[in-house]
>>> print(open('structure.cif').read())   # mmCIF, C-alpha atoms (C1' of nucleotides)
data_data
loop_
_atom_site.group_PDB
_atom_site.id
_atom_site.type_symbol
_atom_site.label_atom_id
_atom_site.label_comp_id
_atom_site.auth_asym_id
_atom_site.auth_seq_id
_atom_site.Cartn_x
_atom_site.Cartn_y
_atom_site.Cartn_z
ATOM 1 C CA MET A 1267 -35.751 3.431 37.046
ATOM 2 C CA PRO A 1268 -32.608 3.084 34.954
ATOM 3 C CA ARG A 1269 -33.367 4.554 31.591
ATOM 4 C CA PRO A 1270 -33.642 2.060 28.686
ATOM 5 C CA ARG A 1271 -29.965 2.723 28.458
ATOM 6 C CA SER A 1272 -30.464 3.052 24.720
ATOM 7 C CA ALA A 1273 -29.703 -0.209 22.990
ATOM 8 C CA VAL A 1274 -25.968 -0.676 23.378
ATOM 9 C CA ARG A 1275 -24.134 0.607 20.355
ATOM 10 C CA THR A 1276 -23.118 -2.290 18.248
ATOM 11 C CA VAL A 1277 -20.303 -2.800 15.779
ATOM 12 C CA GLU A 1278 -20.307 -4.879 12.613
ATOM 13 C CA HIS A 1279 -17.758 -7.635 12.303
ATOM 14 C CA PRO A 1280 -17.045 -9.952 9.402
ATOM 15 C CA ASP A 1281 -16.898 -13.670 9.956
ATOM 16 C CA VAL A 1282 -13.276 -14.704 9.602
ATOM 17 C CA SER A 1283 -14.334 -17.079 6.850
ATOM 18 C CA GLU A 1284 -15.271 -14.020 4.814
ATOM 19 C CA VAL A 1285 -12.003 -12.146 5.054
ATOM 20 C CA SER A 1286 -9.418 -12.557 2.347
ATOM 21 C CA LEU A 1287 -5.713 -13.024 2.757
ATOM 22 C CA GLN A 1288 -5.377 -9.800 0.824
ATOM 23 C CA GLN A 1289 -7.325 -7.907 3.461
ATOM 24 C CA VAL A 1290 -5.332 -9.357 6.308
ATOM 25 C CA MET A 1291 -2.011 -8.740 4.599
ATOM 26 C CA GLU A 1292 -2.929 -5.168 3.777
ATOM 27 C CA ALA A 1293 -4.066 -4.638 7.329
ATOM 28 C CA LEU A 1294 -0.819 -5.981 8.729
ATOM 29 C CA ALA A 1295 1.363 -4.189 6.200
ATOM 30 C CA ASP A 1296 0.875 -0.818 7.851
ATOM 31 C CA PRO A 1297 3.292 -0.056 10.686
ATOM 32 C CA VAL A 1298 0.724 1.797 12.779
ATOM 33 C CA ARG A 1299 -1.711 -1.087 12.545
ATOM 34 C CA ARG A 1300 1.028 -3.552 13.371
ATOM 35 C CA ALA A 1301 1.824 -1.461 16.422
ATOM 36 C CA VAL A 1302 -1.801 -1.717 17.493
ATOM 37 C CA VAL A 1303 -1.797 -5.469 17.021
ATOM 38 C CA SER A 1304 1.505 -5.838 18.833
ATOM 39 C CA GLN A 1305 0.301 -3.832 21.788
ATOM 40 C CA LEU A 1306 -2.841 -5.933 22.010
ATOM 41 C CA ALA A 1307 -0.789 -9.108 21.852
ATOM 42 C CA ASP A 1308 1.722 -7.886 24.431
ATOM 43 C CA ARG A 1309 -0.900 -6.641 26.825
ATOM 44 C CA GLY A 1310 -2.858 -9.833 26.462
ATOM 45 C CA ALA A 1311 -6.000 -7.895 27.303
ATOM 46 C CA ASP A 1312 -8.533 -5.739 25.528
ATOM 47 C CA MET A 1313 -7.657 -2.065 25.275
ATOM 48 C CA THR A 1314 -9.621 1.117 24.683
ATOM 49 C CA CYS A 1315 -8.989 3.039 21.483
ATOM 50 C CA GLY A 1316 -7.421 5.821 23.468
ATOM 51 C CA SER A 1317 -4.859 3.695 25.259
ATOM 52 C CA PHE A 1318 -2.589 2.852 22.344
ATOM 53 C CA GLU A 1319 0.772 4.400 21.767
ATOM 54 C CA THR A 1320 1.025 5.558 18.197
ATOM 55 C CA PRO A 1321 2.510 8.519 16.382
ATOM 56 C CA VAL A 1322 -0.695 9.474 14.598
ATOM 57 C CA SER A 1323 -3.720 11.602 15.317
ATOM 58 C CA VAL A 1324 -6.874 10.220 16.869
ATOM 59 C CA SER A 1325 -8.882 10.455 13.697
ATOM 60 C CA THR A 1326 -6.248 8.578 11.776
ATOM 61 C CA LEU A 1327 -6.261 5.919 14.431
ATOM 62 C CA THR A 1328 -9.999 5.515 14.013
ATOM 63 C CA HIS A 1329 -9.397 4.694 10.388
ATOM 64 C CA HIS A 1330 -6.796 2.090 11.284
ATOM 65 C CA PHE A 1331 -9.160 0.457 13.745
ATOM 66 C CA ASN A 1332 -11.793 0.254 11.035
ATOM 67 C CA THR A 1333 -9.338 -1.377 8.677
ATOM 68 C CA LEU A 1334 -8.280 -3.913 11.273
ATOM 69 C CA ARG A 1335 -11.871 -4.683 12.183
ATOM 70 C CA GLU A 1336 -12.935 -5.116 8.565
ATOM 71 C CA ALA A 1337 -10.003 -7.449 8.061
ATOM 72 C CA GLY A 1338 -11.222 -9.549 10.955
ATOM 73 C CA VAL A 1339 -8.094 -8.882 12.969
ATOM 74 C CA ILE A 1340 -9.730 -7.136 15.899
ATOM 75 C CA ARG A 1341 -13.126 -7.123 17.548
ATOM 76 C CA GLN A 1342 -14.557 -3.893 18.905
ATOM 77 C CA TYR A 1343 -17.284 -3.250 21.443
ATOM 78 C CA TYR A 1344 -18.501 -0.331 23.454
ATOM 79 C CA VAL A 1345 -18.162 0.024 27.179
ATOM 80 C CA GLY A 1346 -19.719 3.267 28.216
ATOM 81 C CA THR A 1347 -18.105 6.039 26.219
ATOM 82 C CA ALA A 1348 -15.079 3.908 25.560
ATOM 83 C CA LYS A 1349 -14.575 1.497 22.728
ATOM 84 C CA MET A 1350 -12.646 -1.637 23.462
ATOM 85 C CA ASN A 1351 -10.407 -3.546 21.094
ATOM 86 C CA ALA A 1352 -9.720 -7.250 21.232
ATOM 87 C CA LEU A 1353 -7.419 -9.348 19.072
ATOM 88 C CA ARG A 1354 -9.272 -12.068 17.204
ATOM 89 C CA ALA A 1355 -6.157 -14.184 17.453
ATOM 90 C CA ASP A 1356 -7.792 -17.586 17.742
ATOM 91 C CA GLU A 1357 -10.162 -17.006 14.858
ATOM 92 C CA ILE A 1358 -7.470 -15.679 12.556
ATOM 93 C CA GLU A 1359 -5.295 -18.581 13.581
ATOM 94 C CA ARG A 1360 -7.952 -20.987 12.373
ATOM 95 C CA ARG A 1361 -8.355 -19.105 9.110
ATOM 96 C CA PHE A 1362 -4.682 -18.477 8.347
ATOM 97 C CA PRO A 1363 -2.642 -20.722 10.643
ATOM 98 C CA GLY A 1364 0.552 -19.206 11.944
ATOM 99 C CA LEU A 1365 0.189 -15.923 10.115
ATOM 100 C CA LEU A 1366 -0.752 -13.536 12.887
ATOM 101 C CA ALA A 1367 1.545 -15.271 15.342
ATOM 102 C CA ALA A 1368 4.485 -14.962 12.962
ATOM 103 C CA VAL A 1369 3.851 -11.287 12.353
ATOM 104 C CA VAL A 1370 3.491 -10.524 16.043
ATOM 105 C CA ALA A 1371 6.634 -12.477 16.797
ATOM 106 C CA ALA A 1372 8.535 -10.752 14.016
ATOM 107 C CA ALA A 1373 7.408 -7.356 15.214
ATOM 108 C CA GLY A 1374 8.568 -8.280 18.692
ATOM 109 C CA THR A 1375 11.942 -9.384 17.399
ATOM 110 C CA GLU A 1376 12.493 -6.132 15.584
ATOM 111 C CA ALA A 1377 11.385 -4.108 18.560
ATOM 112 C CA ARG A 1378 13.998 -5.866 20.654
ATOM 113 C CA THR A 1379 16.669 -5.402 17.981
ATOM 114 C CA ASP A 1380 15.906 -1.793 17.064
ATOM 115 C CA PRO A 1381 15.300 0.012 20.335
ATOM 116 C CA ALA A 1382 13.556 2.914 18.626
ATOM 117 C CA MET B 152 38.729 -19.724 -27.918
ATOM 118 C CA PRO B 153 35.640 -18.788 -25.951
ATOM 119 C CA ARG B 154 35.586 -15.046 -25.605
ATOM 120 C CA PRO B 155 36.070 -13.648 -22.045
ATOM 121 C CA ARG B 156 32.330 -14.054 -21.922
ATOM 122 C CA SER B 157 32.095 -10.596 -20.367
ATOM 123 C CA ALA B 158 31.974 -10.855 -16.605
ATOM 124 C CA VAL B 159 28.645 -12.435 -15.773
ATOM 125 C CA ARG B 160 26.022 -9.861 -14.967
ATOM 126 C CA THR B 161 25.557 -9.714 -11.246
ATOM 127 C CA VAL B 162 22.636 -8.689 -9.085
ATOM 128 C CA GLU B 163 22.703 -6.941 -5.715
ATOM 129 C CA HIS B 164 21.040 -8.669 -2.802
ATOM 130 C CA PRO B 165 20.553 -7.465 0.755
ATOM 131 C CA ASP B 166 21.584 -9.665 3.636
ATOM 132 C CA VAL B 167 18.407 -10.867 5.297
ATOM 133 C CA SER B 168 19.622 -9.322 8.530
ATOM 134 C CA GLU B 169 19.278 -5.948 6.825
ATOM 135 C CA VAL B 170 15.714 -6.244 5.656
ATOM 136 C CA SER B 171 12.927 -4.903 7.822
ATOM 137 C CA LEU B 172 9.650 -6.553 8.638
ATOM 138 C CA GLN B 173 8.067 -3.556 6.956
ATOM 139 C CA GLN B 174 9.796 -4.363 3.677
ATOM 140 C CA VAL B 175 8.819 -8.001 3.780
ATOM 141 C CA MET B 176 5.224 -7.250 4.700
ATOM 142 C CA GLU B 177 4.919 -4.671 1.949
ATOM 143 C CA ALA B 178 6.438 -7.096 -0.507
ATOM 144 C CA LEU B 179 4.002 -9.823 0.452
ATOM 145 C CA ALA B 180 1.007 -7.520 0.599
ATOM 146 C CA ASP B 181 0.752 -7.261 -3.169
ATOM 147 C CA PRO B 182 -1.258 -10.013 -4.850
ATOM 148 C CA VAL B 183 0.975 -10.217 -7.911
ATOM 149 C CA ARG B 184 4.072 -10.582 -5.775
ATOM 150 C CA ARG B 185 2.353 -13.182 -3.640
ATOM 151 C CA ALA B 186 1.516 -15.055 -6.820
ATOM 152 C CA VAL B 187 5.187 -15.020 -7.765
ATOM 153 C CA VAL B 188 6.193 -16.302 -4.348
ATOM 154 C CA SER B 189 3.489 -18.962 -4.402
ATOM 155 C CA GLN B 190 4.540 -20.201 -7.794
ATOM 156 C CA LEU B 191 8.144 -20.430 -6.669
ATOM 157 C CA ALA B 192 7.103 -22.314 -3.565
ATOM 158 C CA ASP B 193 4.813 -24.658 -5.466
ATOM 159 C CA ARG B 194 7.326 -25.359 -8.183
ATOM 160 C CA GLY B 195 10.046 -25.943 -5.645
ATOM 161 C CA ALA B 196 12.583 -24.862 -8.237
ATOM 162 C CA ASP B 197 14.036 -21.648 -9.574
ATOM 163 C CA MET B 198 12.098 -20.034 -12.403
ATOM 164 C CA THR B 199 12.937 -17.543 -15.114
ATOM 165 C CA CYS B 200 11.251 -14.149 -15.005
ATOM 166 C CA GLY B 201 9.283 -15.033 -18.087
ATOM 167 C CA SER B 202 7.797 -18.238 -16.765
ATOM 168 C CA PHE B 203 5.410 -16.818 -14.206
ATOM 169 C CA GLU B 204 1.694 -16.617 -14.663
ATOM 170 C CA THR B 205 0.508 -13.159 -13.771
ATOM 171 C CA PRO B 206 -2.069 -10.742 -15.094
ATOM 172 C CA VAL B 207 0.371 -7.882 -15.542
ATOM 173 C CA SER B 208 2.739 -6.665 -18.220
ATOM 174 C CA VAL B 209 6.374 -7.649 -18.375
ATOM 175 C CA SER B 210 7.644 -4.257 -17.308
ATOM 176 C CA THR B 211 5.375 -4.278 -14.306
ATOM 177 C CA LEU B 212 6.625 -7.709 -13.392
ATOM 178 C CA THR B 213 10.191 -6.453 -13.473
ATOM 179 C CA HIS B 214 9.261 -3.932 -10.838
ATOM 180 C CA HIS B 215 7.706 -6.613 -8.654
ATOM 181 C CA PHE B 216 10.826 -8.732 -8.930
ATOM 182 C CA ASN B 217 12.893 -5.767 -7.825
ATOM 183 C CA THR B 218 10.662 -5.223 -4.833
ATOM 184 C CA LEU B 219 10.847 -8.874 -3.836
ATOM 185 C CA ARG B 220 14.610 -8.929 -4.260
ATOM 186 C CA GLU B 221 15.120 -5.769 -2.224
ATOM 187 C CA ALA B 222 12.956 -7.245 0.487
ATOM 188 C CA GLY B 223 15.208 -10.282 0.587
ATOM 189 C CA VAL B 224 12.411 -12.594 -0.465
ATOM 190 C CA ILE B 225 13.940 -13.796 -3.716
ATOM 191 C CA ARG B 226 17.420 -14.198 -5.123
ATOM 192 C CA GLN B 227 18.059 -13.471 -8.791
ATOM 193 C CA TYR B 228 20.877 -14.550 -11.057
ATOM 194 C CA TYR B 229 21.532 -14.575 -14.759
ATOM 195 C CA VAL B 230 21.751 -17.674 -16.893
ATOM 196 C CA GLY B 231 22.505 -16.627 -20.427
ATOM 197 C CA THR B 232 19.830 -14.174 -21.493
ATOM 198 C CA ALA B 233 17.456 -15.465 -18.862
ATOM 199 C CA LYS B 234 17.191 -14.301 -15.280
ATOM 200 C CA MET B 235 16.381 -16.891 -12.684
ATOM 201 C CA ASN B 236 14.430 -16.369 -9.497
ATOM 202 C CA ALA B 237 14.872 -18.358 -6.310
ATOM 203 C CA LEU B 238 12.946 -18.150 -3.066
ATOM 204 C CA ARG B 239 15.152 -17.258 -0.127
ATOM 205 C CA ALA B 240 12.878 -19.328 2.050
ATOM 206 C CA ASP B 241 15.456 -20.620 4.498
ATOM 207 C CA GLU B 242 17.032 -17.250 5.073
ATOM 208 C CA ILE B 243 13.725 -15.486 5.590
ATOM 209 C CA GLU B 244 12.693 -18.295 7.883
ATOM 210 C CA ARG B 245 15.681 -17.571 10.079
ATOM 211 C CA ARG B 246 14.971 -13.865 10.097
ATOM 212 C CA PHE B 247 11.198 -14.020 10.574
ATOM 213 C CA PRO B 248 10.315 -17.559 11.616
ATOM 214 C CA GLY B 249 7.080 -18.901 10.239
ATOM 215 C CA LEU B 250 6.176 -15.767 8.326
ATOM 216 C CA LEU B 251 6.833 -16.752 4.747
ATOM 217 C CA ALA B 252 5.588 -20.274 5.335
ATOM 218 C CA ALA B 253 2.333 -18.988 6.794
ATOM 219 C CA VAL B 254 1.762 -16.623 3.888
ATOM 220 C CA VAL B 255 2.496 -19.278 1.305
ATOM 221 C CA ALA B 256 0.227 -21.729 3.094
ATOM 222 C CA ALA B 257 -2.534 -19.140 3.382
ATOM 223 C CA ALA B 258 -2.249 -18.297 -0.289
ATOM 224 C CA GLY B 259 -2.491 -21.970 -1.077
ATOM 225 C CA THR B 260 -5.575 -22.358 1.081
ATOM 226 C CA GLU B 261 -7.342 -19.516 -0.645
ATOM 227 C CA ALA B 262 -6.374 -20.788 -4.053
ATOM 228 C CA ARG B 263 -7.988 -24.098 -3.194
ATOM 229 C CA THR B 264 -11.097 -22.393 -1.800
ATOM 230 C CA ASP B 265 -11.530 -19.723 -4.471
ATOM 231 C CA PRO B 266 -10.828 -21.419 -7.770
ATOM 232 C CA ALA B 267 -10.308 -18.081 -9.481
ATOM 233 C "C1'" DG C 1404 -29.437 20.148 31.869
ATOM 234 C "C1'" DG C 1405 -24.695 21.132 31.120
ATOM 235 C "C1'" DA C 1406 -20.088 20.062 30.906
ATOM 236 C "C1'" DC C 1407 -16.836 16.579 29.949
ATOM 237 C "C1'" DT C 1408 -14.917 12.457 27.814
ATOM 238 C "C1'" DA C 1409 -14.345 9.374 23.941
ATOM 239 C "C1'" DC C 1410 -14.519 8.398 19.506
ATOM 240 C "C1'" DT C 1411 -16.351 9.304 14.532
ATOM 241 C "C1'" DT C 1412 -17.237 11.689 10.329
ATOM 242 C "C1'" DT C 1413 -16.204 14.739 6.865
ATOM 243 C "C1'" DG C 1414 -13.475 16.899 3.636
ATOM 244 C "C1'" DA C 1415 -9.113 17.977 1.976
ATOM 245 C "C1'" DT C 1416 -4.371 17.104 0.867
ATOM 246 C "C1'" DC C 1417 -0.574 14.629 -0.645
ATOM 247 C "C1'" DA C 1418 2.738 10.890 -1.486
ATOM 248 C "C1'" DG C 1419 3.499 6.572 -3.191
ATOM 249 C "C1'" DC C 1420 2.599 2.619 -5.810
ATOM 250 C "C1'" DG C 1421 0.983 -0.236 -9.518
ATOM 251 C "C1'" DT C 1422 0.334 0.006 -14.126
ATOM 252 C "C1'" DC C 1423 1.569 0.464 -18.986
ATOM 253 C "C1'" DG C 1424 3.989 1.360 -23.580
ATOM 254 C "C1'" DT C 1425 8.025 2.305 -25.645
ATOM 255 C "C1'" DA C 1426 12.700 2.482 -26.162
ATOM 256 C "C1'" DC C 1427 17.029 0.439 -24.818
ATOM 257 C "C1'" DG C 1428 20.846 -3.123 -23.557
ATOM 258 C "C1'" DA C 1429 22.770 -7.623 -23.344
ATOM 259 C "C1'" DT C 1430 23.251 -12.443 -24.679
ATOM 260 C "C1'" DG C 1431 23.316 -16.303 -27.810
ATOM 261 C "C1'" DG C 1432 22.506 -18.694 -32.348
ATOM 262 C "C1'" DG C 1433 22.802 -18.933 -37.198
ATOM 263 C "C1'" DC D 647 27.096 -9.624 -38.410
ATOM 264 C "C1'" DC D 648 22.271 -9.710 -37.687
ATOM 265 C "C1'" DC D 649 18.454 -10.918 -35.549
ATOM 266 C "C1'" DA D 650 15.630 -12.973 -32.002
ATOM 267 C "C1'" DT D 651 15.018 -13.433 -27.130
ATOM 268 C "C1'" DC D 652 14.910 -11.737 -22.511
ATOM 269 C "C1'" DG D 653 14.722 -8.525 -19.435
ATOM 270 C "C1'" DT D 654 15.523 -3.294 -17.837
ATOM 271 C "C1'" DA D 655 14.939 1.775 -17.757
ATOM 272 C "C1'" DC D 656 12.139 5.645 -18.343
ATOM 273 C "C1'" DG D 657 8.419 8.604 -18.117
ATOM 274 C "C1'" DA D 658 3.576 9.132 -17.499
ATOM 275 C "C1'" DC D 659 -0.742 8.413 -15.406
ATOM 276 C "C1'" DG D 660 -4.454 7.271 -12.197
ATOM 277 C "C1'" DC D 661 -5.854 5.716 -7.960
ATOM 278 C "C1'" DT D 662 -5.713 4.393 -3.450
ATOM 279 C "C1'" DG D 663 -4.516 5.126 1.194
ATOM 280 C "C1'" DA D 664 -2.445 7.607 5.118
ATOM 281 C "C1'" DT D 665 -2.783 11.819 7.226
ATOM 282 C "C1'" DC D 666 -4.829 15.849 9.675
ATOM 283 C "C1'" DA D 667 -7.973 19.507 11.590
ATOM 284 C "C1'" DA D 668 -12.435 20.636 12.625
ATOM 285 C "C1'" DA D 669 -17.007 19.711 13.470
ATOM 286 C "C1'" DG D 670 -20.281 16.198 15.048
ATOM 287 C "C1'" DT D 671 -22.375 12.371 17.973
ATOM 288 C "C1'" DA D 672 -22.942 9.437 21.938
ATOM 289 C "C1'" DG D 673 -22.492 8.264 26.657
ATOM 290 C "C1'" DT D 674 -21.417 9.687 31.694
ATOM 291 C "C1'" DC D 675 -21.387 12.288 35.771
ATOM 292 C "C1'" DC D 676 -22.666 15.877 38.906
#
>>> encode(input="structure.cif", output="structure tokens")
Amino acid sequence: MPRPRSAVRTVEHPDVSEVSLQQVMEALADPVRRAVVSQLADRGADMTCGSFETPVSVSTLTHHFNTLREAGVIRQYYVGTAKMNALRADEIERRFPGLLAAVVAAAGTEARTDPA
Amino acid sequence: MPRPRSAVRTVEHPDVSEVSLQQVMEALADPVRRAVVSQLADRGADMTCGSFETPVSVSTLTHHFNTLREAGVIRQYYVGTAKMNALRADEIERRFPGLLAAVVAAAGTEARTDPA
DNA sequence: GGACTACTTTGATCAGCGTCGTACGATGGG
DNA sequence: CCCATCGTACGACGCTGATCAAAGTAGTCC
């Protein structure tokens, strides 16, 4: 018999109505976090924490994910040992119309202009 | 005869094509600077440095103006002893479409929701 | 159970930024 | 001229946030 499978690990998420513009702006002001958001937007699919391309260590990345989650920008959930990340694009759009889209678009523009 | 009037003091401004998304995001991530931008947007007219409502000292405000100017968000020019501030809304719009508008709108939404 | 993978937590460091008061510089009006 | 007004420059200070390595925890697979 499949073991109780230990209640799936859960993650706390704020309701978008509870996040402040300040939080979202701070979250999106960091280049590493913007890279995470951009990659999620580009991919158009949820991604595991380990599958992002960033120049920082894993533990630093954990912190950035926390910041993004607390700002209501991403949603996280466990799948086995992996932790998935999803953009809360629609919810943020309702809260701050056009904001996330503009930032993602701007980041894309720069990426195309400055081929790092 | 009106004295040469000493060449009008000038102020350096970056071309919007030279400012990075990082600069603009950092500029807009500070609440005091967002307040400045919001007040300029609301007023719809240029304002002197001294006519903004902020909770910080004058010298601190000077620093915020510098940051906004260097990020291409505002344009400054002297008028007598006063220094005027103008939103470079159209230019920023061309560089990062929708960004400034979304931030201003979001700030306005919060202001209406949280009557500080 | 044991090894492996995936992420987190902890603790430390370190740079940068926002803040202020004070002193300075420039303009314009009597 | 002198003074009032307006804003800038200069240190100084405190705090927050980004960063990392190392140790810890939670699932998975054989």
>>> closest_atom_pairs(input="structure.cif", of="chain A", to="chain B", cutoff="10 Å", atoms="all atoms listed in the file", output="JSON lines")
{"residue": "A:Ser1286", "atom": "CA", "partner": "B:Glu261", "partner_atom": "CA", "distance": 7.9}
{"residue": "A:Leu1287", "atom": "CA", "partner": "B:Ala257", "partner_atom": "CA", "distance": 6.9}
{"residue": "A:Gln1288", "atom": "CA", "partner": "B:Ala180", "partner_atom": "CA", "distance": 6.8}
{"residue": "A:Gln1289", "atom": "CA", "partner": "B:Ala180", "partner_atom": "CA", "distance": 8.8}
{"residue": "A:Val1290", "atom": "CA", "partner": "B:Ala180", "partner_atom": "CA", "distance": 8.7}
{"residue": "A:Met1291", "atom": "CA", "partner": "B:Ala180", "partner_atom": "CA", "distance": 5.2}
{"residue": "A:Glu1292", "atom": "CA", "partner": "B:Ala180", "partner_atom": "CA", "distance": 5.6}
{"residue": "A:Ala1293", "atom": "CA", "partner": "B:Ala180", "partner_atom": "CA", "distance": 8.9}
{"residue": "A:Leu1294", "atom": "CA", "partner": "B:Met176", "partner_atom": "CA", "distance": 7.4}
{"residue": "A:Ala1295", "atom": "CA", "partner": "B:Met176", "partner_atom": "CA", "distance": 5.2}
{"residue": "A:Asp1296", "atom": "CA", "partner": "B:Gln173", "partner_atom": "CA", "distance": 7.7}
{"residue": "A:Pro1297", "atom": "CA", "partner": "B:Gln173", "partner_atom": "CA", "distance": 7.0}
{"residue": "A:Arg1300", "atom": "CA", "partner": "B:Gln173", "partner_atom": "CA", "distance": 9.5}
{"residue": "A:Arg1361", "atom": "CA", "partner": "B:Ala257", "partner_atom": "CA", "distance": 8.2}
{"residue": "A:Phe1362", "atom": "CA", "partner": "B:Ala257", "partner_atom": "CA", "distance": 5.5}
{"residue": "A:Pro1363", "atom": "CA", "partner": "B:Ala253", "partner_atom": "CA", "distance": 6.5}
{"residue": "A:Gly1364", "atom": "CA", "partner": "B:Ala253", "partner_atom": "CA", "distance": 5.5}
{"residue": "A:Leu1365", "atom": "CA", "partner": "B:Ala253", "partner_atom": "CA", "distance": 5.0}
{"residue": "A:Leu1366", "atom": "CA", "partner": "B:Leu250", "partner_atom": "CA", "distance": 8.6}
{"residue": "A:Ala1367", "atom": "CA", "partner": "B:Gly249", "partner_atom": "CA", "distance": 8.4}
{"residue": "A:Ala1368", "atom": "CA", "partner": "B:Leu250", "partner_atom": "CA", "distance": 5.0}
{"residue": "A:Val1369", "atom": "CA", "partner": "B:Leu250", "partner_atom": "CA", "distance": 6.5}
{"residue": "A:Val1370", "atom": "CA", "partner": "B:Leu250", "partner_atom": "CA", "distance": 9.7}
{"residue": "A:Ala1371", "atom": "CA", "partner": "B:Phe247", "partner_atom": "CA", "distance": 7.9}
{"residue": "A:Ala1372", "atom": "CA", "partner": "B:Phe247", "partner_atom": "CA", "distance": 5.4}
{"residue": "A:Ala1373", "atom": "CA", "partner": "B:Leu172", "partner_atom": "CA", "distance": 7.0}
{"residue": "A:Thr1375", "atom": "CA", "partner": "B:Phe247", "partner_atom": "CA", "distance": 8.3}
{"residue": "A:Glu1376", "atom": "CA", "partner": "B:Leu172", "partner_atom": "CA", "distance": 7.5}
>>> write_last_selection(input="structure.cif", atoms="C-alpha atoms", output="mmCIF file, keeping the file's coordinate frame")
data_model
loop_
_atom_site.group_PDB
_atom_site.id
_atom_site.type_symbol
_atom_site.label_atom_id
_atom_site.label_comp_id
_atom_site.auth_asym_id
_atom_site.auth_seq_id
_atom_site.Cartn_x
_atom_site.Cartn_y
_atom_site.Cartn_z
ATOM 1 C CA SER A 1286 -9.418 -12.557 2.347
ATOM 2 C CA LEU A 1287 -5.713 -13.024 2.757
ATOM 3 C CA GLN A 1288 -5.377 -9.800 0.824
ATOM 4 C CA GLN A 1289 -7.325 -7.907 3.461
ATOM 5 C CA VAL A 1290 -5.332 -9.357 6.308
ATOM 6 C CA MET A 1291 -2.011 -8.740 4.599
ATOM 7 C CA GLU A 1292 -2.929 -5.168 3.777
ATOM 8 C CA ALA A 1293 -4.066 -4.638 7.329
ATOM 9 C CA LEU A 1294 -0.819 -5.981 8.729
ATOM 10 C CA ALA A 1295 1.363 -4.189 6.200
ATOM 11 C CA ASP A 1296 0.875 -0.818 7.851
ATOM 12 C CA PRO A 1297 3.292 -0.056 10.686
ATOM 13 C CA ARG A 1300 1.028 -3.552 13.371
ATOM 14 C CA ARG A 1361 -8.355 -19.105 9.110
ATOM 15 C CA PHE A 1362 -4.682 -18.477 8.347
ATOM 16 C CA PRO A 1363 -2.642 -20.722 10.643
ATOM 17 C CA GLY A 1364 0.552 -19.206 11.944
ATOM 18 C CA LEU A 1365 0.189 -15.923 10.115
ATOM 19 C CA LEU A 1366 -0.752 -13.536 12.887
ATOM 20 C CA ALA A 1367 1.545 -15.271 15.342
ATOM 21 C CA ALA A 1368 4.485 -14.962 12.962
ATOM 22 C CA VAL A 1369 3.851 -11.287 12.353
ATOM 23 C CA VAL A 1370 3.491 -10.524 16.043
ATOM 24 C CA ALA A 1371 6.634 -12.477 16.797
ATOM 25 C CA ALA A 1372 8.535 -10.752 14.016
ATOM 26 C CA ALA A 1373 7.408 -7.356 15.214
ATOM 27 C CA THR A 1375 11.942 -9.384 17.399
ATOM 28 C CA GLU A 1376 12.493 -6.132 15.584
#
>>> resolve_selection(input="structure.cif", expression="the PyMOL selection byres ((chain B and resi 229) around 10)", output="list in words")
Val159, Arg160, Thr161, Val162, Thr199, Gln227, Tyr228, Val230, Gly231, Thr232, Ala233, Lys234, Met235 and Asn236 of chain B
>>> interface_residues(input="structure.cif", of="chain D", to="chain B", cutoff="8 Å", atoms="all atoms listed in the file", output="JSON list (two decimals) with C-alpha atoms (C1' of nucleotides), in the coordinates of the input")
[["chain", "number", "residue", "atom", "x", "y", "z"],
["D", 651, "DT", "C1'", 15.02, -13.43, -27.13],
["D", 652, "DC", "C1'", 14.91, -11.74, -22.51],
["D", 653, "DG", "C1'", 14.72, -8.52, -19.43],
["D", 654, "DT", "C1'", 15.52, -3.29, -17.84]]
>>> resolve_selection(input="structure.cif", expression="the PyMOL selection byres ((chain C) within 8 of (chain B))", output="MDAnalysis selection string")
chainID C and resid 1421:1423 1429:1431
>>> residues_near_point(input="structure.cif", point="(0.6, -1.0, 21.4)", cutoff="6 Å", atoms="all atoms listed in the file", output="list in words")
Ala1301, Val1302, Ser1304, Gln1305, Phe1318 and Glu1319 of chain A
>>> atom_distance(input="structure.cif", atom1="CA of Asn1332 (chain A)", atom2="CA of Arg184 (chain B)")
25.5 Å
>>> build_atoms(input="structure.cif", residues="region 1334-1340 of chain A", atoms="N, CA and C atoms", output="PDB file, keeping the file's coordinate frame")
ATOM      1  N   LEU A1334      -8.584  -2.665  10.556  1.00  0.00           N
ATOM      2  CA  LEU A1334      -8.280  -3.913  11.273  1.00  0.00           C
ATOM      3  C   LEU A1334      -9.556  -4.703  11.549  1.00  0.00           C
ATOM      4  N   ARG A1335     -10.615  -4.000  11.893  1.00  0.00           N
ATOM      5  CA  ARG A1335     -11.871  -4.683  12.183  1.00  0.00           C
ATOM      6  C   ARG A1335     -12.430  -5.323  10.928  1.00  0.00           C
ATOM      7  N   GLU A1336     -12.406  -4.588   9.820  1.00  0.00           N
ATOM      8  CA  GLU A1336     -12.935  -5.116   8.565  1.00  0.00           C
ATOM      9  C   GLU A1336     -12.101  -6.278   8.038  1.00  0.00           C
ATOM     10  N   ALA A1337     -10.861  -6.330   8.471  1.00  0.00           N
ATOM     11  CA  ALA A1337     -10.003  -7.449   8.061  1.00  0.00           C
ATOM     12  C   ALA A1337     -10.137  -8.617   9.028  1.00  0.00           C
ATOM     13  N   GLY A1338     -10.996  -8.453  10.016  1.00  0.00           N
ATOM     14  CA  GLY A1338     -11.222  -9.549  10.955  1.00  0.00           C
ATOM     15  C   GLY A1338     -10.124  -9.726  11.986  1.00  0.00           C
ATOM     16  N   VAL A1339      -9.234  -8.741  12.064  1.00  0.00           N
ATOM     17  CA  VAL A1339      -8.094  -8.882  12.969  1.00  0.00           C
ATOM     18  C   VAL A1339      -8.448  -8.507  14.405  1.00  0.00           C
ATOM     19  N   ILE A1340      -9.326  -7.515  14.541  1.00  0.00           N
ATOM     20  CA  ILE A1340      -9.730  -7.136  15.899  1.00  0.00           C
ATOM     21  C   ILE A1340     -11.252  -7.141  16.020  1.00  0.00           C
TER      22      ILE A1340
END
